[in-house]
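Below: run_3.txt (compact mmCIF, C-alpha atoms)
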```
# COMPACT_ATOMS: atom_id res chain seq x y z
CA MET A 1 -15.01 12.62 1.23
CA MET A 2 -12.21 11.12 -0.83
CA PRO A 3 -11.91 7.33 -1.28
CA HIS A 4 -11.22 5.07 1.65
CA ILE A 5 -7.61 4.10 2.28
CA ALA A 6 -6.68 1.00 4.28
CA LEU A 7 -3.71 1.60 6.55
CA GLY A 8 -1.80 -1.02 8.50
CA ALA A 9 1.55 -1.58 10.17
CA ASP A 10 3.38 -4.03 12.35
CA HIS A 11 5.42 -2.94 15.38
CA GLY A 12 8.25 -1.76 13.11
CA GLY A 13 5.96 0.55 11.18
CA LEU A 14 3.64 1.62 13.97
CA PRO A 15 5.19 5.04 14.73
CA LEU A 16 5.12 6.06 11.06
CA LYS A 17 1.55 4.77 10.66
CA GLN A 18 0.52 6.79 13.72
CA ASP A 19 1.92 9.91 12.04
CA LEU A 20 0.37 9.17 8.63
CA HIS A 21 -3.14 8.40 9.89
CA PRO A 22 -4.12 11.90 11.10
CA TRP A 23 -2.26 13.48 8.17
CA LEU A 24 -4.33 11.41 5.71
CA GLU A 25 -7.57 12.33 7.46
CA ALA A 26 -6.59 16.01 7.47
CA GLY A 27 -6.10 15.64 3.72
CA GLY A 28 -9.70 14.50 3.32
CA PHE A 29 -9.19 10.74 3.17
CA THR A 30 -11.28 8.27 5.10
CA VAL A 31 -8.87 5.82 6.72
CA LEU A 32 -9.65 2.20 7.54
CA ASP A 33 -7.04 1.47 10.21
CA VAL A 34 -6.47 -2.30 10.42
CA GLY A 35 -3.82 -2.10 13.16
CA ALA A 36 -1.49 -2.41 14.89
CA TYR A 37 -2.97 -0.09 17.47
CA GLU A 38 -0.28 -0.47 20.11
CA PHE A 39 3.31 -1.63 20.19
CA ASN A 40 3.77 -5.38 20.37
CA ALA A 41 7.27 -6.55 19.48
CA ASN A 42 5.87 -10.01 18.77
CA ASP A 43 3.29 -9.04 16.14
CA ASP A 44 3.85 -10.15 12.54
CA TYR A 45 3.73 -8.04 9.39
CA PRO A 46 1.84 -10.67 7.32
CA ASP A 47 -1.22 -10.22 9.53
CA PHE A 48 -1.46 -6.50 8.84
CA ALA A 49 -0.41 -6.80 5.20
CA ALA A 50 -3.16 -9.36 4.65
CA ALA A 51 -5.77 -7.15 6.33
CA VAL A 52 -4.89 -4.18 4.10
CA ALA A 53 -4.64 -6.36 1.00
CA ARG A 54 -8.00 -8.03 1.62
CA ALA A 55 -9.69 -4.66 2.07
CA VAL A 56 -8.28 -3.53 -1.29
CA ALA A 57 -9.04 -6.81 -3.09
CA SER A 58 -12.64 -6.84 -1.84
CA GLY A 59 -13.25 -3.26 -2.97
CA GLU A 60 -13.90 -2.08 0.57
CA VAL A 61 -11.19 0.54 -0.04
CA SER A 62 -9.65 1.91 -3.22
CA LYS A 63 -6.00 1.76 -2.14
CA GLY A 64 -3.90 0.55 0.75
CA ILE A 65 -0.77 1.54 2.62
CA ILE A 66 1.30 -0.85 4.72
CA VAL A 67 4.27 0.12 6.86
CA CYS A 68 6.82 -2.32 8.24
CA GLY A 69 10.53 -2.00 8.91
CA SER A 70 11.69 -2.15 5.29
CA GLY A 71 8.44 -2.44 3.33
CA VAL A 72 9.70 -5.62 1.70
CA GLY A 73 8.01 -8.21 3.90
CA ALA A 74 4.71 -6.35 3.72
CA SER A 75 4.95 -6.28 -0.07
CA VAL A 76 5.69 -10.00 -0.29
CA ALA A 77 2.73 -10.84 1.95
CA ALA A 78 0.27 -8.42 0.32
CA ASN A 79 1.08 -9.72 -3.15
CA LYS A 80 -0.15 -13.17 -2.11
CA ILE A 81 -3.73 -11.83 -2.12
CA ALA A 82 -5.38 -12.06 -5.55
CA GLY A 83 -6.18 -8.65 -6.97
CA VAL A 84 -3.43 -6.86 -5.09
CA ARG A 85 -0.44 -5.26 -6.71
CA ALA A 86 1.76 -4.04 -3.87
CA GLY A 87 4.97 -2.12 -4.43
CA VAL A 88 7.74 -1.02 -2.12
CA CYS A 89 8.42 2.62 -2.94
CA HIS A 90 11.02 4.79 -1.31
CA ASP A 91 11.19 7.40 -4.06
CA THR A 92 8.39 9.54 -5.48
CA TYR A 93 8.93 8.47 -9.09
CA SER A 94 8.23 4.82 -8.26
CA ALA A 95 5.28 5.79 -6.05
CA HIS A 96 3.39 7.46 -8.90
CA GLN A 97 4.82 5.48 -11.83
CA GLY A 98 3.87 2.18 -10.20
CA VAL A 99 0.24 3.29 -10.23
CA GLU A 100 0.37 4.90 -13.67
CA HIS A 101 2.03 1.97 -15.48
CA ASP A 102 1.44 -1.09 -13.28
CA ASP A 103 -1.85 -0.28 -11.53
CA VAL A 104 -0.25 -0.68 -8.09
CA ASN A 105 -2.99 -0.48 -5.48
CA VAL A 106 -1.01 -0.99 -2.27
CA LEU A 107 1.98 1.13 -1.24
CA CYS A 108 4.50 -0.50 1.10
CA LEU A 109 6.82 1.72 3.10
CA GLY A 110 9.79 0.97 5.29
CA SER A 111 9.80 3.02 8.47
CA ARG A 112 13.48 2.24 8.94
CA VAL A 113 14.17 3.61 5.46
CA VAL A 114 12.02 6.75 5.19
CA GLY A 115 11.05 9.46 7.63
CA ILE A 116 7.68 11.14 7.96
CA GLU A 117 8.27 13.97 5.48
CA LEU A 118 9.43 11.65 2.69
CA ALA A 119 6.62 9.23 3.59
CA LYS A 120 4.10 12.04 3.09
CA GLU A 121 5.59 12.79 -0.34
CA LEU A 122 5.47 9.11 -1.28
CA VAL A 123 1.87 8.72 -0.12
CA SER A 124 0.84 11.90 -1.95
CA ALA A 125 2.46 10.69 -5.18
CA PHE A 126 0.81 7.26 -4.80
CA LEU A 127 -2.67 8.54 -3.97
CA SER A 128 -2.75 11.23 -6.65
CA ALA A 129 -1.68 8.90 -9.46
CA THR A 130 -4.05 7.04 -11.76
CA PHE A 131 -3.51 4.07 -14.06
CA THR A 132 -2.99 5.37 -17.61
CA ARG A 133 -4.87 2.56 -19.35
CA GLU A 134 -2.53 2.97 -22.32
CA ASP A 135 -2.49 -0.08 -24.58
CA ARG A 136 1.01 -1.17 -23.52
CA HIS A 137 0.14 -0.86 -19.83
CA MET A 138 -3.14 -2.71 -20.29
CA ARG A 139 -1.32 -5.49 -22.15
CA ARG A 140 1.27 -5.82 -19.40
CA LEU A 141 -1.32 -5.72 -16.63
CA GLN A 142 -3.27 -8.46 -18.40
CA LYS A 143 -0.13 -10.61 -18.39
CA VAL A 144 0.27 -10.02 -14.65
CA LEU A 145 -3.38 -10.93 -14.09
CA ASP A 146 -2.90 -14.08 -16.18
CA LEU A 147 0.05 -15.06 -13.99
CA GLU A 148 -2.08 -14.51 -10.91
CA ARG A 149 -4.83 -16.77 -12.27
CA GLN A 150 -2.31 -19.48 -13.19
CA ALA A 151 -0.96 -19.46 -9.63
CA GLN A 152 -4.36 -20.18 -8.09
```

Please, can you express the file's structure as C-alpha cells?
Amino acid sequence: MMPHIALGADHGGLPLKQDLHPWLEAGGFTVLDVGAYEFNANDDYPDFAAAVARAVASGEVSKGIIVCGSGVGASVAANKIAGVRAGVCHDTYSAHQGVEHDDVNVLCLGSRVVGIELAKELVSAFLSATFTREDRHMRRLQKVLDLERQAQ
C-alpha cells in the first residue's frame, strides 16, 4: 500500500473531494478522510484544513490534500500549523515543483477553479514528486523553517 494521504474539504470542495477519494484509493493510496462527509453550507474550511494539516504535521500521513472553493482559504489555514507547507496549485508545474523545490506537503485545490480531470493531473503531479534536497533548496527550506520557529 502506498503512503497515507489525508483528504479534507468544506462544503465548497465536497463534490470534488468525493470524486478524488475513490480515484486515490483505486490508485493504491490509503486515504484518511477527515470530512466533510455531507453537504453543510455552514461548515468552515479552517476546520478541515486544520484536520488535514495536523495529520501531516504529526506524521500520521505523508501528504495532504484540501479542497475548498478557491484553495486559498484552505492554504492560509493549513499554513498556520507548524510543519505544514501548503500550496494552492491549479497548474501541474506548480504541483510538482512546489514539492521538488519547496517541500510542499499539502496540496490545496479550488473546486470552483478546477474540474475533476485537471484535479487528477494536479494530484498525480503532487503525489509523484519528491523534494530534491539540492543545497539551494535545503538552504531555502531551512530559512522557511527558521521563520516558522520565530513565529511561535

Contacts of Gly115 in chain A at 9 Å (all atoms listed in the file; same-chain gap of 5+ positions) as an MDAnalysis selection string: chainID A and resid 16 110 120

task: Find the residue from A:Pro46, A:Leu118, A:Glu100, A:Glu148 that sits nearest to Phe131 in chain A; use all atoms listed in the file when measuring.
output: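 Residue with the minimum atom-to-atom distance to Phe131 in chain A: A:Glu100.
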
Would you compute the box with edges along x, y and z of the file around range 3-7 of chain A, including every atom the file lists for it and 4 Å extra on each side, and give its centre and edge lengths in Å to one decimal, as lines of an AutoDock Vina configuration file?
```
center_x = -7.8
center_y = 4.2
center_z = 2.6
size_x = 16.2
size_y = 14.3
size_z = 15.8
```

- request: Can you pull out every residue within 12 Å of Ala51 in chain A, counting all atoms listed in the file, but drop anything in the same chain fewer than 5 positions away, and send it as a ChimeraX atom specification?
  value: /A:6-10,32-36,44-46,56-58,60-61,64-66,74,77-81,84,106

- prompt: In terms of the shortest atom-to-atom distance over all atoms listed in the file, which of A:Asp47, A:Asp146, A:Asp102, A:Glu38 is closest to Ala86 in chain A?
  reply: A:Asp102

Gap from CA of Val99 in chain A to CA of Thr132 in chain A - Å, one decimal: 8.3 Å

- request: Using all atoms listed in the file, pick whichever of A:Phe29, A:Trp23, A:Phe39, A:Tyr93 has the shortest atom-to-atom distance to Ile5 in chain A.
  value: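 Closest to Ile5 in chain A, using all atoms listed in the file: A:Phe29.
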
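When all atoms listed in the file are used to compute distances to Val88 in chain A, the closest of the residues A:Cys108, A:His101, A:Gly73, A:Val144 turns out to be A:Cys108.
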
- request: Enter the distance from CA of Asn42 in chain A to CA of Val114 in chain A, in Å, rounded to one decimal.
  value: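 Distance between the two atoms: 22.4 Å.
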
message: Under the rule that only C-alpha atoms are counted, which of A:His21, A:His90, A:Lys143, A:Arg136 is the nearest residue to Leu107 in chain A?
response: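 With only C-alpha atoms as the atom set, the closest residue is A:His90.
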
query: Which of these, A:Arg85, A:His11, A:Lys63, A:Arg54, has the shortest distance to Ser111 in chain A once you count all atoms listed in the file?
result: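 Using all atoms listed in the file, the shortest distance to Ser111 in chain A belongs to A:His11.
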
query: Quick one: distance from CA of Leu20 in chain A to CA of Ala82 in chain A in Å, one decimal?
result: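 Between these atoms lies a distance of 26.2 Å.
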
Using the partial input, fill out range 26-62 of chain A with N, CA and C atoms; write the result as a PDB file, in the coordinates of the input.
```
ATOM      1  N   ALA A  26      -6.613  14.558   7.668  1.00  0.00           N
ATOM      2  CA  ALA A  26      -6.590  16.010   7.470  1.00  0.00           C
ATOM      3  C   ALA A  26      -6.599  16.355   5.986  1.00  0.00           C
ATOM      4  N   GLY A  27      -6.096  15.443   5.157  1.00  0.00           N
ATOM      5  CA  GLY A  27      -6.100  15.640   3.720  1.00  0.00           C
ATOM      6  C   GLY A  27      -7.404  15.236   3.059  1.00  0.00           C
ATOM      7  N   GLY A  28      -8.385  14.816   3.854  1.00  0.00           N
ATOM      8  CA  GLY A  28      -9.700  14.500   3.320  1.00  0.00           C
ATOM      9  C   GLY A  28      -9.944  13.033   3.044  1.00  0.00           C
ATOM     10  N   PHE A  29      -9.014  12.172   3.389  1.00  0.00           N
ATOM     11  CA  PHE A  29      -9.190  10.740   3.170  1.00  0.00           C
ATOM     12  C   PHE A  29      -9.879  10.090   4.361  1.00  0.00           C
ATOM     13  N   THR A  30     -10.706   9.108   4.070  1.00  0.00           N
ATOM     14  CA  THR A  30     -11.280   8.270   5.100  1.00  0.00           C
ATOM     15  C   THR A  30     -10.363   7.072   5.257  1.00  0.00           C
ATOM     16  N   VAL A  31      -9.884   6.846   6.462  1.00  0.00           N
ATOM     17  CA  VAL A  31      -8.870   5.820   6.720  1.00  0.00           C
ATOM     18  C   VAL A  31      -9.494   4.633   7.450  1.00  0.00           C
ATOM     19  N   LEU A  32      -9.311   3.455   6.873  1.00  0.00           N
ATOM     20  CA  LEU A  32      -9.650   2.200   7.540  1.00  0.00           C
ATOM     21  C   LEU A  32      -8.365   1.706   8.182  1.00  0.00           C
ATOM     22  N   ASP A  33      -8.244   1.863   9.475  1.00  0.00           N
ATOM     23  CA  ASP A  33      -7.040   1.470  10.210  1.00  0.00           C
ATOM     24  C   ASP A  33      -7.202   0.020  10.656  1.00  0.00           C
ATOM     25  N   VAL A  34      -6.363  -0.864  10.107  1.00  0.00           N
ATOM     26  CA  VAL A  34      -6.470  -2.300  10.420  1.00  0.00           C
ATOM     27  C   VAL A  34      -5.456  -2.729  11.486  1.00  0.00           C
ATOM     28  N   GLY A  35      -4.790  -1.783  12.114  1.00  0.00           N
ATOM     29  CA  GLY A  35      -3.820  -2.100  13.160  1.00  0.00           C
ATOM     30  C   GLY A  35      -2.404  -2.045  12.612  1.00  0.00           C
ATOM     31  N   ALA A  36      -1.478  -2.252  13.450  1.00  0.00           N
ATOM     32  CA  ALA A  36      -1.490  -2.410  14.890  1.00  0.00           C
ATOM     33  C   ALA A  36      -1.922  -1.102  15.551  1.00  0.00           C
ATOM     34  N   TYR A  37      -2.486  -1.253  16.729  1.00  0.00           N
ATOM     35  CA  TYR A  37      -2.970  -0.090  17.470  1.00  0.00           C
ATOM     36  C   TYR A  37      -2.071   0.250  18.646  1.00  0.00           C
ATOM     37  N   GLU A  38      -1.241  -0.700  19.023  1.00  0.00           N
ATOM     38  CA  GLU A  38      -0.280  -0.470  20.110  1.00  0.00           C
ATOM     39  C   GLU A  38       0.956  -1.309  19.822  1.00  0.00           C
ATOM     40  N   PHE A  39       2.051  -0.928  20.421  1.00  0.00           N
ATOM     41  CA  PHE A  39       3.310  -1.630  20.190  1.00  0.00           C
ATOM     42  C   PHE A  39       3.274  -3.030  20.782  1.00  0.00           C
ATOM     43  N   ASN A  40       3.614  -3.993  19.938  1.00  0.00           N
ATOM     44  CA  ASN A  40       3.770  -5.380  20.370  1.00  0.00           C
ATOM     45  C   ASN A  40       4.923  -5.951  19.563  1.00  0.00           C
ATOM     46  N   ALA A  41       6.073  -6.094  20.184  1.00  0.00           N
ATOM     47  CA  ALA A  41       7.270  -6.550  19.480  1.00  0.00           C
ATOM     48  C   ALA A  41       7.105  -7.931  18.858  1.00  0.00           C
ATOM     49  N   ASN A  42       6.088  -8.667  19.281  1.00  0.00           N
ATOM     50  CA  ASN A  42       5.870 -10.010  18.770  1.00  0.00           C
ATOM     51  C   ASN A  42       4.805 -10.093  17.682  1.00  0.00           C
ATOM     52  N   ASP A  43       4.269  -8.955  17.223  1.00  0.00           N
ATOM     53  CA  ASP A  43       3.290  -9.040  16.140  1.00  0.00           C
ATOM     54  C   ASP A  43       4.021  -9.320  14.827  1.00  0.00           C
ATOM     55  N   ASP A  44       3.264  -9.697  13.805  1.00  0.00           N
ATOM     56  CA  ASP A  44       3.850 -10.150  12.540  1.00  0.00           C
ATOM     57  C   ASP A  44       3.272  -9.378  11.366  1.00  0.00           C
ATOM     58  N   TYR A  45       4.169  -8.852  10.527  1.00  0.00           N
ATOM     59  CA  TYR A  45       3.730  -8.040   9.390  1.00  0.00           C
ATOM     60  C   TYR A  45       2.748  -8.743   8.452  1.00  0.00           C
ATOM     61  N   PRO A  46       2.813 -10.078   8.241  1.00  0.00           N
ATOM     62  CA  PRO A  46       1.840 -10.670   7.320  1.00  0.00           C
ATOM     63  C   PRO A  46       0.385 -10.477   7.750  1.00  0.00           C
ATOM     64  N   ASP A  47       0.149 -10.405   9.047  1.00  0.00           N
ATOM     65  CA  ASP A  47      -1.220 -10.220   9.530  1.00  0.00           C
ATOM     66  C   ASP A  47      -1.786  -8.878   9.088  1.00  0.00           C
ATOM     67  N   PHE A  48      -0.997  -7.835   9.194  1.00  0.00           N
ATOM     68  CA  PHE A  48      -1.460  -6.500   8.840  1.00  0.00           C
ATOM     69  C   PHE A  48      -1.450  -6.297   7.331  1.00  0.00           C
ATOM     70  N   ALA A  49      -0.459  -6.870   6.664  1.00  0.00           N
ATOM     71  CA  ALA A  49      -0.410  -6.800   5.200  1.00  0.00           C
ATOM     72  C   ALA A  49      -1.633  -7.483   4.608  1.00  0.00           C
ATOM     73  N   ALA A  50      -1.999  -8.636   5.154  1.00  0.00           N
ATOM     74  CA  ALA A  50      -3.160  -9.360   4.650  1.00  0.00           C
ATOM     75  C   ALA A  50      -4.443  -8.573   4.890  1.00  0.00           C
ATOM     76  N   ALA A  51      -4.560  -7.927   6.029  1.00  0.00           N
ATOM     77  CA  ALA A  51      -5.770  -7.150   6.330  1.00  0.00           C
ATOM     78  C   ALA A  51      -5.923  -5.986   5.352  1.00  0.00           C
ATOM     79  N   VAL A  52      -4.840  -5.275   5.078  1.00  0.00           N
ATOM     80  CA  VAL A  52      -4.890  -4.180   4.100  1.00  0.00           C
ATOM     81  C   VAL A  52      -5.197  -4.740   2.721  1.00  0.00           C
ATOM     82  N   ALA A  53      -4.482  -5.787   2.333  1.00  0.00           N
ATOM     83  CA  ALA A  53      -4.640  -6.360   1.000  1.00  0.00           C
ATOM     84  C   ALA A  53      -6.066  -6.874   0.773  1.00  0.00           C
ATOM     85  N   ARG A  54      -6.635  -7.524   1.762  1.00  0.00           N
ATOM     86  CA  ARG A  54      -8.000  -8.030   1.620  1.00  0.00           C
ATOM     87  C   ARG A  54      -9.015  -6.895   1.489  1.00  0.00           C
ATOM     88  N   ALA A  55      -8.788  -5.812   2.190  1.00  0.00           N
ATOM     89  CA  ALA A  55      -9.690  -4.660   2.070  1.00  0.00           C
ATOM     90  C   ALA A  55      -9.622  -4.065   0.664  1.00  0.00           C
ATOM     91  N   VAL A  56      -8.439  -4.033   0.079  1.00  0.00           N
ATOM     92  CA  VAL A  56      -8.280  -3.530  -1.290  1.00  0.00           C
ATOM     93  C   VAL A  56      -8.898  -4.518  -2.276  1.00  0.00           C
ATOM     94  N   ALA A  57      -8.561  -5.792  -2.149  1.00  0.00           N
ATOM     95  CA  ALA A  57      -9.040  -6.810  -3.090  1.00  0.00           C
ATOM     96  C   ALA A  57     -10.555  -6.918  -3.094  1.00  0.00           C
ATOM     97  N   SER A  58     -11.183  -6.724  -1.943  1.00  0.00           N
ATOM     98  CA  SER A  58     -12.640  -6.840  -1.840  1.00  0.00           C
ATOM     99  C   SER A  58     -13.367  -5.601  -2.359  1.00  0.00           C
ATOM    100  N   GLY A  59     -12.632  -4.503  -2.551  1.00  0.00           N
ATOM    101  CA  GLY A  59     -13.250  -3.260  -2.970  1.00  0.00           C
ATOM    102  C   GLY A  59     -13.746  -2.414  -1.820  1.00  0.00           C
ATOM    103  N   GLU A  60     -13.491  -2.862  -0.595  1.00  0.00           N
ATOM    104  CA  GLU A  60     -13.900  -2.080   0.570  1.00  0.00           C
ATOM    105  C   GLU A  60     -13.198  -0.725   0.580  1.00  0.00           C
ATOM    106  N   VAL A  61     -11.963  -0.700   0.086  1.00  0.00           N
ATOM    107  CA  VAL A  61     -11.190   0.540  -0.040  1.00  0.00           C
ATOM    108  C   VAL A  61     -10.608   0.587  -1.454  1.00  0.00           C
ATOM    109  N   SER A  62     -10.203   1.774  -1.872  1.00  0.00           N
ATOM    110  CA  SER A  62      -9.650   1.910  -3.220  1.00  0.00           C
ATOM    111  C   SER A  62      -8.150   1.634  -3.260  1.00  0.00           C
TER     112      SER A  62
END
```
